[in-house]
2 protein chains.
Amino acid sequence: MSSNHTIKAIFFDVFGTLVDWRTGVAREAEAILKPLRISLDWTAFADAWRDQYQPAMEEVRSGRLPYTKLDVLHRRTLQKIAPSFGLETLGANELDELTLTWHRLPAWKDVSAGLARLRKRFLIAPVSNGNIAIMADLDRRNDFHWDAILGADLARDFKPKASVYLTAPDAFNLTPHQCVMCAAHSSDLKAAAEHGLRTAYIARPQERPGVSEHAATLPVDFTARDVEELAGILGC
Amino acid sequence: MSSNHTIKAIFFDVFGTLVDWRTGVAREAEAILKPLRISLDWTAFADAWRDQYQPAMEEVRSGRLPYTKLDVLHRRTLQKIAPSFGLETLGANELDELTLTWHRLPAWKDVSAGLARLRKRFLIAPVSNGNIAIMADLDRRNDFHWDAILGADLARDFKPKASVYLTAPDAFNLTPHQCVMCAAHSSDLKAAAEHGLRTAYIARPQERPGVSEHAATLPVDFTARDVEELAGILGC
């Protein structure tokens, strides 16, 4: 375990680590489409949409597409999966409204209190692939109080590209080693560590049962059950 | 006066409009240098440093220098003015510490309460030439709660360049006309209006008495005595 006294900032992955995208998208999509007499497997719909997430970002990471914010990618991938769910006749307004489901996701129950504790001692910021508009709406929905929204929009690229991990410490005038990246996904922490950040792992097996990790697959600096426990470990 | 019902976000200039850089830099510099038995005209020092602000940013705006955050420009311009104040023998630590005076500026007394009222109805964000680290520290010092820190670091350029005014609405998925730029400087509002934003003017003649504006030099959408009054005008 690292000594904690040089840590100045805690960065967070958001989708899965802090908020429950699967339940959130499923419920919000149902609320939008049920009044239109549309019924489908809402959780399968959320999963299918999420399955398009990495391939869509890969277009940007590879340089085939200039930086495109996640809201725009979500709108495109929604149109791509719509026929599989009989949604190909939806109008632009409904597709726009569905895209906003990603702005209304509920946080896991430990997050709001845990972040408030951490903020007493550290700078805290999301370092997510979600764009600023999504992050700002999630903050309102879940009562987060970030010091800044860092991540994809600032770096104009997506994790695990180096620039996302490097622009975040620099925005706070910190070295990577003064920052902890917290995530429920080992791949995120692997890339963060490669760029000099410290790492905190929180397992969220409930993110997508049967698929999500139960434990880190690499050595990390801190492991916690949830954000409240992480706050305690870091002396908050 | 514009109809208000399509306004979604209020953007703020910070130095002068929300915080008192002149008193702040003067007092903080005195607190750092007096223990070193250095005495000088602290307000003249603050003014001289501020006088280097526009020329330093012009190097970036003109393309002669790649984007360089304000903390770095402040550090360079401090070194430039140091000999005029007998400070040429200061070490790197003292120069670094002085550069942080810009992170510790006090807000005008109406600001914190006014922003809290505005945030109940609108997204609020600084659109400043100050970098994210300065903004985040000013928020802590003055109890602001922004939805996001927009401005120079996100646009990688300085006002009044177009990209700063255009990246801010886009970060919130808004059109410029859904956003109000609030500033104590007519030149800032002129540029904001040219790029489609609405404008709110707050006179701060106390920013630099004898130099600062007492009234807008162009037509604006809203005029208020302070941020509290602006909140009232906008129905908060």
# chains A, B, ... in the order shown; residues from 1 in each chain; ligands from 1

$ calpha_fit_and_write --fixed "chain B" --moving "chain A" --output "PDB file with C-alpha atoms, in the first residue's frame"
ATOM      1  CA  MET A   1     -34.401  42.804 -22.648  1.00  0.00           C
ATOM      2  CA  SER A   2     -34.449  39.210 -23.852  1.00  0.00           C
ATOM      3  CA  SER A   3     -37.175  36.795 -22.914  1.00  0.00           C
ATOM      4  CA  ASN A   4     -35.664  34.523 -20.293  1.00  0.00           C
ATOM      5  CA  HIS A   5     -37.402  31.227 -20.798  1.00  0.00           C
ATOM      6  CA  THR A   6     -34.934  29.767 -23.268  1.00  0.00           C
ATOM      7  CA  ILE A   7     -31.888  30.553 -21.126  1.00  0.00           C
ATOM      8  CA  LYS A   8     -30.260  27.374 -19.803  1.00  0.00           C
ATOM      9  CA  ALA A   9     -26.783  28.403 -18.635  1.00  0.00           C
ATOM     10  CA  ILE A  10     -25.011  31.420 -17.172  1.00  0.00           C
ATOM     11  CA  PHE A  11     -21.289  31.795 -17.861  1.00  0.00           C
ATOM     12  CA  PHE A  12     -19.047  34.066 -15.815  1.00  0.00           C
ATOM     13  CA  ASP A  13     -15.920  36.008 -16.334  1.00  0.00           C
ATOM     14  CA  VAL A  14     -13.997  35.604 -13.070  1.00  0.00           C
ATOM     15  CA  PHE A  15     -11.085  38.051 -12.537  1.00  0.00           C
ATOM     16  CA  GLY A  16     -12.691  41.375 -11.695  1.00  0.00           C
ATOM     17  CA  THR A  17     -16.266  40.223 -12.264  1.00  0.00           C
ATOM     18  CA  LEU A  18     -16.448  37.682  -9.424  1.00  0.00           C
ATOM     19  CA  VAL A  19     -13.184  38.053  -7.518  1.00  0.00           C
ATOM     20  CA  ASP A  20     -11.071  40.996  -6.361  1.00  0.00           C
ATOM     21  CA  TRP A  21      -7.678  40.163  -7.886  1.00  0.00           C
ATOM     22  CA  ARG A  22      -6.136  43.524  -6.923  1.00  0.00           C
ATOM     23  CA  THR A  23      -6.706  43.385  -3.173  1.00  0.00           C
ATOM     24  CA  GLY A  24      -6.178  39.630  -3.209  1.00  0.00           C
ATOM     25  CA  VAL A  25      -2.792  39.623  -4.921  1.00  0.00           C
ATOM     26  CA  ALA A  26      -1.631  42.637  -2.880  1.00  0.00           C
ATOM     27  CA  ARG A  27      -2.546  41.040   0.475  1.00  0.00           C
ATOM     28  CA  GLU A  28      -1.304  37.560  -0.357  1.00  0.00           C
ATOM     29  CA  ALA A  29       1.988  38.893  -1.733  1.00  0.00           C
ATOM     30  CA  GLU A  30       2.465  40.916   1.437  1.00  0.00           C
ATOM     31  CA  ALA A  31       1.790  37.812   3.554  1.00  0.00           C
ATOM     32  CA  ILE A  32       4.483  35.907   1.635  1.00  0.00           C
ATOM     33  CA  LEU A  33       7.155  38.604   1.362  1.00  0.00           C
ATOM     34  CA  LYS A  34       6.836  40.564   4.618  1.00  0.00           C
ATOM     35  CA  PRO A  35       8.333  37.679   6.668  1.00  0.00           C
ATOM     36  CA  LEU A  36      11.328  37.951   4.294  1.00  0.00           C
ATOM     37  CA  ARG A  37      11.612  41.642   5.348  1.00  0.00           C
ATOM     38  CA  ILE A  38      10.516  42.802   1.925  1.00  0.00           C
ATOM     39  CA  SER A  39       8.358  45.882   1.757  1.00  0.00           C
ATOM     40  CA  LEU A  40       6.951  47.482  -1.355  1.00  0.00           C
ATOM     41  CA  ASP A  41       3.803  49.119  -2.754  1.00  0.00           C
ATOM     42  CA  TRP A  42       1.675  45.952  -2.794  1.00  0.00           C
ATOM     43  CA  THR A  43      -1.130  47.414  -4.872  1.00  0.00           C
ATOM     44  CA  ALA A  44       1.307  48.784  -7.446  1.00  0.00           C
ATOM     45  CA  PHE A  45       2.842  45.316  -7.563  1.00  0.00           C
ATOM     46  CA  ALA A  46      -0.575  43.725  -8.244  1.00  0.00           C
ATOM     47  CA  ASP A  47      -1.296  46.307 -10.949  1.00  0.00           C
ATOM     48  CA  ALA A  48       2.086  45.862 -12.623  1.00  0.00           C
ATOM     49  CA  TRP A  49       1.611  42.084 -12.695  1.00  0.00           C
ATOM     50  CA  ARG A  50      -1.901  42.438 -14.097  1.00  0.00           C
ATOM     51  CA  ASP A  51      -0.591  44.817 -16.776  1.00  0.00           C
ATOM     52  CA  GLN A  52       1.366  41.868 -18.212  1.00  0.00           C
ATOM     53  CA  TYR A  53      -1.807  39.763 -18.495  1.00  0.00           C
ATOM     54  CA  GLN A  54      -3.097  40.778 -21.921  1.00  0.00           C
ATOM     55  CA  PRO A  55       0.339  40.916 -23.649  1.00  0.00           C
ATOM     56  CA  ALA A  56       1.186  37.439 -22.317  1.00  0.00           C
ATOM     57  CA  MET A  57      -2.099  35.942 -23.596  1.00  0.00           C
ATOM     58  CA  GLU A  58      -1.658  37.724 -26.920  1.00  0.00           C
ATOM     59  CA  GLU A  59       1.371  35.505 -27.602  1.00  0.00           C
ATOM     60  CA  VAL A  60      -0.994  32.522 -27.530  1.00  0.00           C
ATOM     61  CA  ARG A  61      -3.924  34.167 -29.300  1.00  0.00           C
ATOM     62  CA  SER A  62      -1.662  35.221 -32.163  1.00  0.00           C
ATOM     63  CA  GLY A  63      -0.324  31.689 -32.549  1.00  0.00           C
ATOM     64  CA  ARG A  64       3.245  32.686 -31.666  1.00  0.00           C
ATOM     65  CA  LEU A  65       3.077  30.435 -28.584  1.00  0.00           C
ATOM     66  CA  PRO A  66       1.147  27.151 -28.244  1.00  0.00           C
ATOM     67  CA  TYR A  67      -1.591  27.172 -25.601  1.00  0.00           C
ATOM     68  CA  THR A  68       0.019  27.839 -22.230  1.00  0.00           C
ATOM     69  CA  LYS A  69      -2.071  27.932 -19.085  1.00  0.00           C
ATOM     70  CA  LEU A  70      -2.365  31.127 -17.138  1.00  0.00           C
ATOM     71  CA  ASP A  71      -0.429  29.798 -14.124  1.00  0.00           C
ATOM     72  CA  VAL A  72       2.598  29.398 -16.384  1.00  0.00           C
ATOM     73  CA  LEU A  73       2.111  32.839 -17.946  1.00  0.00           C
ATOM     74  CA  HIS A  74       1.752  34.370 -14.459  1.00  0.00           C
ATOM     75  CA  ARG A  75       5.021  32.737 -13.392  1.00  0.00           C
ATOM     76  CA  ARG A  76       6.820  34.143 -16.461  1.00  0.00           C
ATOM     77  CA  THR A  77       5.400  37.641 -16.148  1.00  0.00           C
ATOM     78  CA  LEU A  78       6.246  37.679 -12.434  1.00  0.00           C
ATOM     79  CA  GLN A  79       9.870  37.080 -13.325  1.00  0.00           C
ATOM     80  CA  LYS A  80       9.631  39.890 -15.855  1.00  0.00           C
ATOM     81  CA  ILE A  81       8.328  42.479 -13.371  1.00  0.00           C
ATOM     82  CA  ALA A  82      10.395  41.257 -10.398  1.00  0.00           C
ATOM     83  CA  PRO A  83      13.393  43.589 -11.028  1.00  0.00           C
ATOM     84  CA  SER A  84      11.131  46.674 -10.992  1.00  0.00           C
ATOM     85  CA  PHE A  85      10.199  45.803  -7.409  1.00  0.00           C
ATOM     86  CA  GLY A  86      13.656  44.722  -6.235  1.00  0.00           C
ATOM     87  CA  LEU A  87      12.566  41.087  -6.273  1.00  0.00           C
ATOM     88  CA  GLU A  88      15.138  39.753  -8.733  1.00  0.00           C
ATOM     89  CA  THR A  89      16.895  37.749  -6.004  1.00  0.00           C
ATOM     90  CA  LEU A  90      13.813  35.738  -5.013  1.00  0.00           C
ATOM     91  CA  GLY A  91      14.235  31.972  -5.363  1.00  0.00           C
ATOM     92  CA  ALA A  92      12.076  29.584  -7.366  1.00  0.00           C
ATOM     93  CA  ASN A  93      10.067  28.596  -4.273  1.00  0.00           C
ATOM     94  CA  GLU A  94       9.068  32.184  -3.514  1.00  0.00           C
ATOM     95  CA  LEU A  95       8.165  32.837  -7.158  1.00  0.00           C
ATOM     96  CA  ASP A  96       6.040  29.666  -7.189  1.00  0.00           C
ATOM     97  CA  GLU A  97       4.352  30.718  -3.955  1.00  0.00           C
ATOM     98  CA  LEU A  98       3.626  34.202  -5.338  1.00  0.00           C
ATOM     99  CA  THR A  99       2.119  32.663  -8.473  1.00  0.00           C
ATOM    100  CA  LEU A 100      -0.383  30.904  -6.227  1.00  0.00           C
ATOM    101  CA  THR A 101      -1.703  34.245  -4.941  1.00  0.00           C
ATOM    102  CA  TRP A 102      -4.008  34.146  -7.998  1.00  0.00           C
ATOM    103  CA  HIS A 103      -5.562  30.964  -6.540  1.00  0.00           C
ATOM    104  CA  ARG A 104      -6.526  32.705  -3.271  1.00  0.00           C
ATOM    105  CA  LEU A 105      -8.515  35.732  -4.385  1.00  0.00           C
ATOM    106  CA  PRO A 106     -11.573  36.807  -2.403  1.00  0.00           C
ATOM    107  CA  ALA A 107     -14.958  37.061  -4.128  1.00  0.00           C
ATOM    108  CA  TRP A 108     -16.987  40.254  -4.048  1.00  0.00           C
ATOM    109  CA  LYS A 109     -19.493  39.861  -1.247  1.00  0.00           C
ATOM    110  CA  ASP A 110     -22.585  39.234  -3.428  1.00  0.00           C
ATOM    111  CA  VAL A 111     -21.100  36.421  -5.486  1.00  0.00           C
ATOM    112  CA  SER A 112     -21.402  33.233  -3.460  1.00  0.00           C
ATOM    113  CA  ALA A 113     -25.070  33.784  -2.548  1.00  0.00           C
ATOM    114  CA  GLY A 114     -25.919  35.013  -6.058  1.00  0.00           C
ATOM    115  CA  LEU A 115     -24.376  31.970  -7.740  1.00  0.00           C
ATOM    116  CA  ALA A 116     -26.211  29.610  -5.377  1.00  0.00           C
ATOM    117  CA  ARG A 117     -29.497  31.266  -6.338  1.00  0.00           C
ATOM    118  CA  LEU A 118     -28.733  31.105 -10.069  1.00  0.00           C
ATOM    119  CA  ARG A 119     -27.746  27.424  -9.830  1.00  0.00           C
ATOM    120  CA  LYS A 120     -31.272  26.505  -8.715  1.00  0.00           C
ATOM    121  CA  ARG A 121     -32.521  27.333 -12.178  1.00  0.00           C
ATOM    122  CA  PHE A 122     -29.531  27.383 -14.530  1.00  0.00           C
ATOM    123  CA  LEU A 123     -26.318  25.556 -15.266  1.00  0.00           C
ATOM    124  CA  ILE A 124     -23.497  27.837 -14.103  1.00  0.00           C
ATOM    125  CA  ALA A 125     -19.860  27.788 -15.155  1.00  0.00           C
ATOM    126  CA  PRO A 126     -16.828  30.052 -15.231  1.00  0.00           C
ATOM    127  CA  VAL A 127     -15.708  30.941 -18.760  1.00  0.00           C
ATOM    128  CA  SER A 128     -12.452  32.545 -17.715  1.00  0.00           C
ATOM    129  CA  ASN A 129      -8.958  32.858 -19.110  1.00  0.00           C
ATOM    130  CA  GLY A 130      -7.797  31.341 -15.831  1.00  0.00           C
ATOM    131  CA  ASN A 131      -6.905  27.647 -15.958  1.00  0.00           C
ATOM    132  CA  ILE A 132      -8.800  24.864 -14.200  1.00  0.00           C
ATOM    133  CA  ALA A 133      -6.426  24.718 -11.196  1.00  0.00           C
ATOM    134  CA  ILE A 134      -6.980  28.421 -10.459  1.00  0.00           C
ATOM    135  CA  MET A 135     -10.757  28.088 -10.843  1.00  0.00           C
ATOM    136  CA  ALA A 136     -10.926  24.988  -8.604  1.00  0.00           C
ATOM    137  CA  ASP A 137      -8.962  26.741  -5.849  1.00  0.00           C
ATOM    138  CA  LEU A 138     -11.082  29.905  -6.111  1.00  0.00           C
ATOM    139  CA  ASP A 139     -14.183  27.708  -5.754  1.00  0.00           C
ATOM    140  CA  ARG A 140     -12.847  26.211  -2.521  1.00  0.00           C
ATOM    141  CA  ARG A 141     -11.762  29.616  -1.193  1.00  0.00           C
ATOM    142  CA  ASN A 142     -15.144  31.233  -1.915  1.00  0.00           C
ATOM    143  CA  ASP A 143     -17.650  28.391  -1.661  1.00  0.00           C
ATOM    144  CA  PHE A 144     -18.746  28.346  -5.315  1.00  0.00           C
ATOM    145  CA  HIS A 145     -20.415  25.246  -6.735  1.00  0.00           C
ATOM    146  CA  TRP A 146     -20.002  25.231 -10.499  1.00  0.00           C
ATOM    147  CA  ASP A 147     -21.622  22.675 -12.797  1.00  0.00           C
ATOM    148  CA  ALA A 148     -18.337  22.541 -14.722  1.00  0.00           C
ATOM    149  CA  ILE A 149     -15.223  24.615 -15.247  1.00  0.00           C
ATOM    150  CA  LEU A 150     -15.241  25.758 -18.864  1.00  0.00           C
ATOM    151  CA  GLY A 151     -13.070  28.429 -20.506  1.00  0.00           C
ATOM    152  CA  ALA A 152      -9.441  28.615 -21.571  1.00  0.00           C
ATOM    153  CA  ASP A 153      -8.169  25.124 -20.664  1.00  0.00           C
ATOM    154  CA  LEU A 154     -11.079  23.471 -22.473  1.00  0.00           C
ATOM    155  CA  ALA A 155     -10.771  25.692 -25.578  1.00  0.00           C
ATOM    156  CA  ARG A 156      -6.964  25.786 -25.412  1.00  0.00           C
ATOM    157  CA  ASP A 157      -7.047  29.489 -26.263  1.00  0.00           C
ATOM    158  CA  PHE A 158      -7.902  32.767 -24.557  1.00  0.00           C
ATOM    159  CA  LYS A 159     -10.851  35.137 -24.745  1.00  0.00           C
ATOM    160  CA  PRO A 160     -11.774  36.995 -26.860  1.00  0.00           C
ATOM    161  CA  LYS A 161     -10.927  34.205 -29.337  1.00  0.00           C
ATOM    162  CA  ALA A 162     -14.091  32.610 -30.732  1.00  0.00           C
ATOM    163  CA  SER A 163     -13.304  29.074 -29.595  1.00  0.00           C
ATOM    164  CA  VAL A 164     -13.581  29.995 -25.921  1.00  0.00           C
ATOM    165  CA  TYR A 165     -17.134  31.329 -26.392  1.00  0.00           C
ATOM    166  CA  LEU A 166     -18.148  28.415 -28.622  1.00  0.00           C
ATOM    167  CA  THR A 167     -16.734  25.448 -26.692  1.00  0.00           C
ATOM    168  CA  ALA A 168     -18.598  26.526 -23.546  1.00  0.00           C
ATOM    169  CA  PRO A 169     -22.187  26.173 -24.863  1.00  0.00           C
ATOM    170  CA  ASP A 170     -21.197  23.042 -26.759  1.00  0.00           C
ATOM    171  CA  ALA A 171     -19.871  21.419 -23.565  1.00  0.00           C
ATOM    172  CA  PHE A 172     -23.413  21.667 -22.150  1.00  0.00           C
ATOM    173  CA  ASN A 173     -25.049  20.602 -25.460  1.00  0.00           C
ATOM    174  CA  LEU A 174     -26.521  24.109 -25.782  1.00  0.00           C
ATOM    175  CA  THR A 175     -26.651  26.726 -28.519  1.00  0.00           C
ATOM    176  CA  PRO A 176     -24.866  30.023 -27.780  1.00  0.00           C
ATOM    177  CA  HIS A 177     -28.243  31.798 -27.586  1.00  0.00           C
ATOM    178  CA  GLN A 178     -29.299  29.540 -24.686  1.00  0.00           C
ATOM    179  CA  CYS A 179     -26.353  30.931 -22.692  1.00  0.00           C
ATOM    180  CA  VAL A 180     -25.663  34.253 -20.997  1.00  0.00           C
ATOM    181  CA  MET A 181     -22.109  35.556 -20.646  1.00  0.00           C
ATOM    182  CA  CYS A 182     -21.800  37.724 -17.531  1.00  0.00           C
ATOM    183  CA  ALA A 183     -18.839  40.099 -17.192  1.00  0.00           C
ATOM    184  CA  ALA A 184     -17.744  43.479 -15.863  1.00  0.00           C
ATOM    185  CA  HIS A 185     -15.860  44.172 -19.094  1.00  0.00           C
ATOM    186  CA  SER A 186     -17.588  45.366 -22.261  1.00  0.00           C
ATOM    187  CA  SER A 187     -14.924  43.861 -24.510  1.00  0.00           C
ATOM    188  CA  ASP A 188     -15.728  40.382 -23.186  1.00  0.00           C
ATOM    189  CA  LEU A 189     -19.460  40.874 -23.764  1.00  0.00           C
ATOM    190  CA  LYS A 190     -18.884  42.331 -27.235  1.00  0.00           C
ATOM    191  CA  ALA A 191     -17.043  39.172 -28.284  1.00  0.00           C
ATOM    192  CA  ALA A 192     -19.615  36.915 -26.585  1.00  0.00           C
ATOM    193  CA  ALA A 193     -22.458  38.654 -28.429  1.00  0.00           C
ATOM    194  CA  GLU A 194     -20.625  38.345 -31.749  1.00  0.00           C
ATOM    195  CA  HIS A 195     -20.649  34.579 -31.224  1.00  0.00           C
ATOM    196  CA  GLY A 196     -24.352  34.443 -30.394  1.00  0.00           C
ATOM    197  CA  LEU A 197     -24.364  34.424 -26.599  1.00  0.00           C
ATOM    198  CA  ARG A 198     -26.616  36.698 -24.598  1.00  0.00           C
ATOM    199  CA  THR A 199     -24.926  39.191 -22.311  1.00  0.00           C
ATOM    200  CA  ALA A 200     -25.184  40.381 -18.718  1.00  0.00           C
ATOM    201  CA  TYR A 201     -23.196  43.350 -17.445  1.00  0.00           C
ATOM    202  CA  ILE A 202     -22.227  43.924 -13.836  1.00  0.00           C
ATOM    203  CA  ALA A 203     -20.196  47.082 -13.216  1.00  0.00           C
ATOM    204  CA  ARG A 204     -17.257  46.603 -10.861  1.00  0.00           C
ATOM    205  CA  PRO A 205     -15.677  50.073 -10.736  1.00  0.00           C
ATOM    206  CA  GLN A 206     -13.898  48.971  -7.550  1.00  0.00           C
ATOM    207  CA  GLU A 207     -11.898  46.395  -9.579  1.00  0.00           C
ATOM    208  CA  ARG A 208      -9.273  49.040 -10.371  1.00  0.00           C
ATOM    209  CA  PRO A 209     -10.532  52.473  -9.377  1.00  0.00           C
ATOM    210  CA  GLY A 210     -10.029  55.101 -12.052  1.00  0.00           C
ATOM    211  CA  VAL A 211      -9.409  52.500 -14.738  1.00  0.00           C
ATOM    212  CA  SER A 212     -12.348  50.072 -14.537  1.00  0.00           C
ATOM    213  CA  GLU A 213     -15.614  50.674 -16.363  1.00  0.00           C
ATOM    214  CA  HIS A 214     -18.646  52.155 -14.609  1.00  0.00           C
ATOM    215  CA  ALA A 215     -21.101  51.176 -17.339  1.00  0.00           C
ATOM    216  CA  ALA A 216     -21.290  48.976 -20.409  1.00  0.00           C
ATOM    217  CA  THR A 217     -20.091  50.606 -23.616  1.00  0.00           C
ATOM    218  CA  LEU A 218     -22.442  48.511 -25.768  1.00  0.00           C
ATOM    219  CA  PRO A 219     -26.069  47.345 -25.592  1.00  0.00           C
ATOM    220  CA  VAL A 220     -26.434  44.246 -23.392  1.00  0.00           C
ATOM    221  CA  ASP A 221     -29.349  41.920 -22.626  1.00  0.00           C
ATOM    222  CA  PHE A 222     -29.207  42.344 -18.848  1.00  0.00           C
ATOM    223  CA  THR A 223     -27.613  44.858 -16.504  1.00  0.00           C
ATOM    224  CA  ALA A 224     -27.349  44.218 -12.774  1.00  0.00           C
ATOM    225  CA  ARG A 225     -25.608  45.845  -9.812  1.00  0.00           C
ATOM    226  CA  ASP A 226     -24.266  42.481  -8.672  1.00  0.00           C
ATOM    227  CA  VAL A 227     -24.793  38.721  -8.989  1.00  0.00           C
ATOM    228  CA  GLU A 228     -27.609  38.715  -6.429  1.00  0.00           C
ATOM    229  CA  GLU A 229     -29.507  41.291  -8.484  1.00  0.00           C
ATOM    230  CA  LEU A 230     -28.833  39.296 -11.665  1.00  0.00           C
ATOM    231  CA  ALA A 231     -30.366  36.243  -9.984  1.00  0.00           C
ATOM    232  CA  GLY A 232     -33.474  38.278  -9.210  1.00  0.00           C
ATOM    233  CA  ILE A 233     -33.732  39.630 -12.764  1.00  0.00           C
ATOM    234  CA  LEU A 234     -33.509  36.076 -14.110  1.00  0.00           C
ATOM    235  CA  GLY A 235     -36.290  34.887 -11.813  1.00  0.00           C
ATOM    236  CA  CYS A 236     -34.218  33.058  -9.195  1.00  0.00           C
TER     237      CYS A 236
END

$ select_by_dssp --residues "segment 38-148 of chain A" --states "alpha helix (DSSP H)" --output "PyMOL selection string"
chain A and resi 42-51+53-61+70-81+92-99+111-119+132-142

$ select_by_dssp --residues "segment 55-207 of chain A" --states "strand (DSSP E)" --output "list of chain:residue names"
A:Leu123, A:Ile124, A:Ala125, A:Pro126, A:Val127, A:Ser128, A:Leu150, A:Gly151, A:Cys179, A:Val180, A:Met181, A:Cys182, A:Ala183, A:Arg198, A:Thr199, A:Ala200, A:Tyr201, A:Ile202
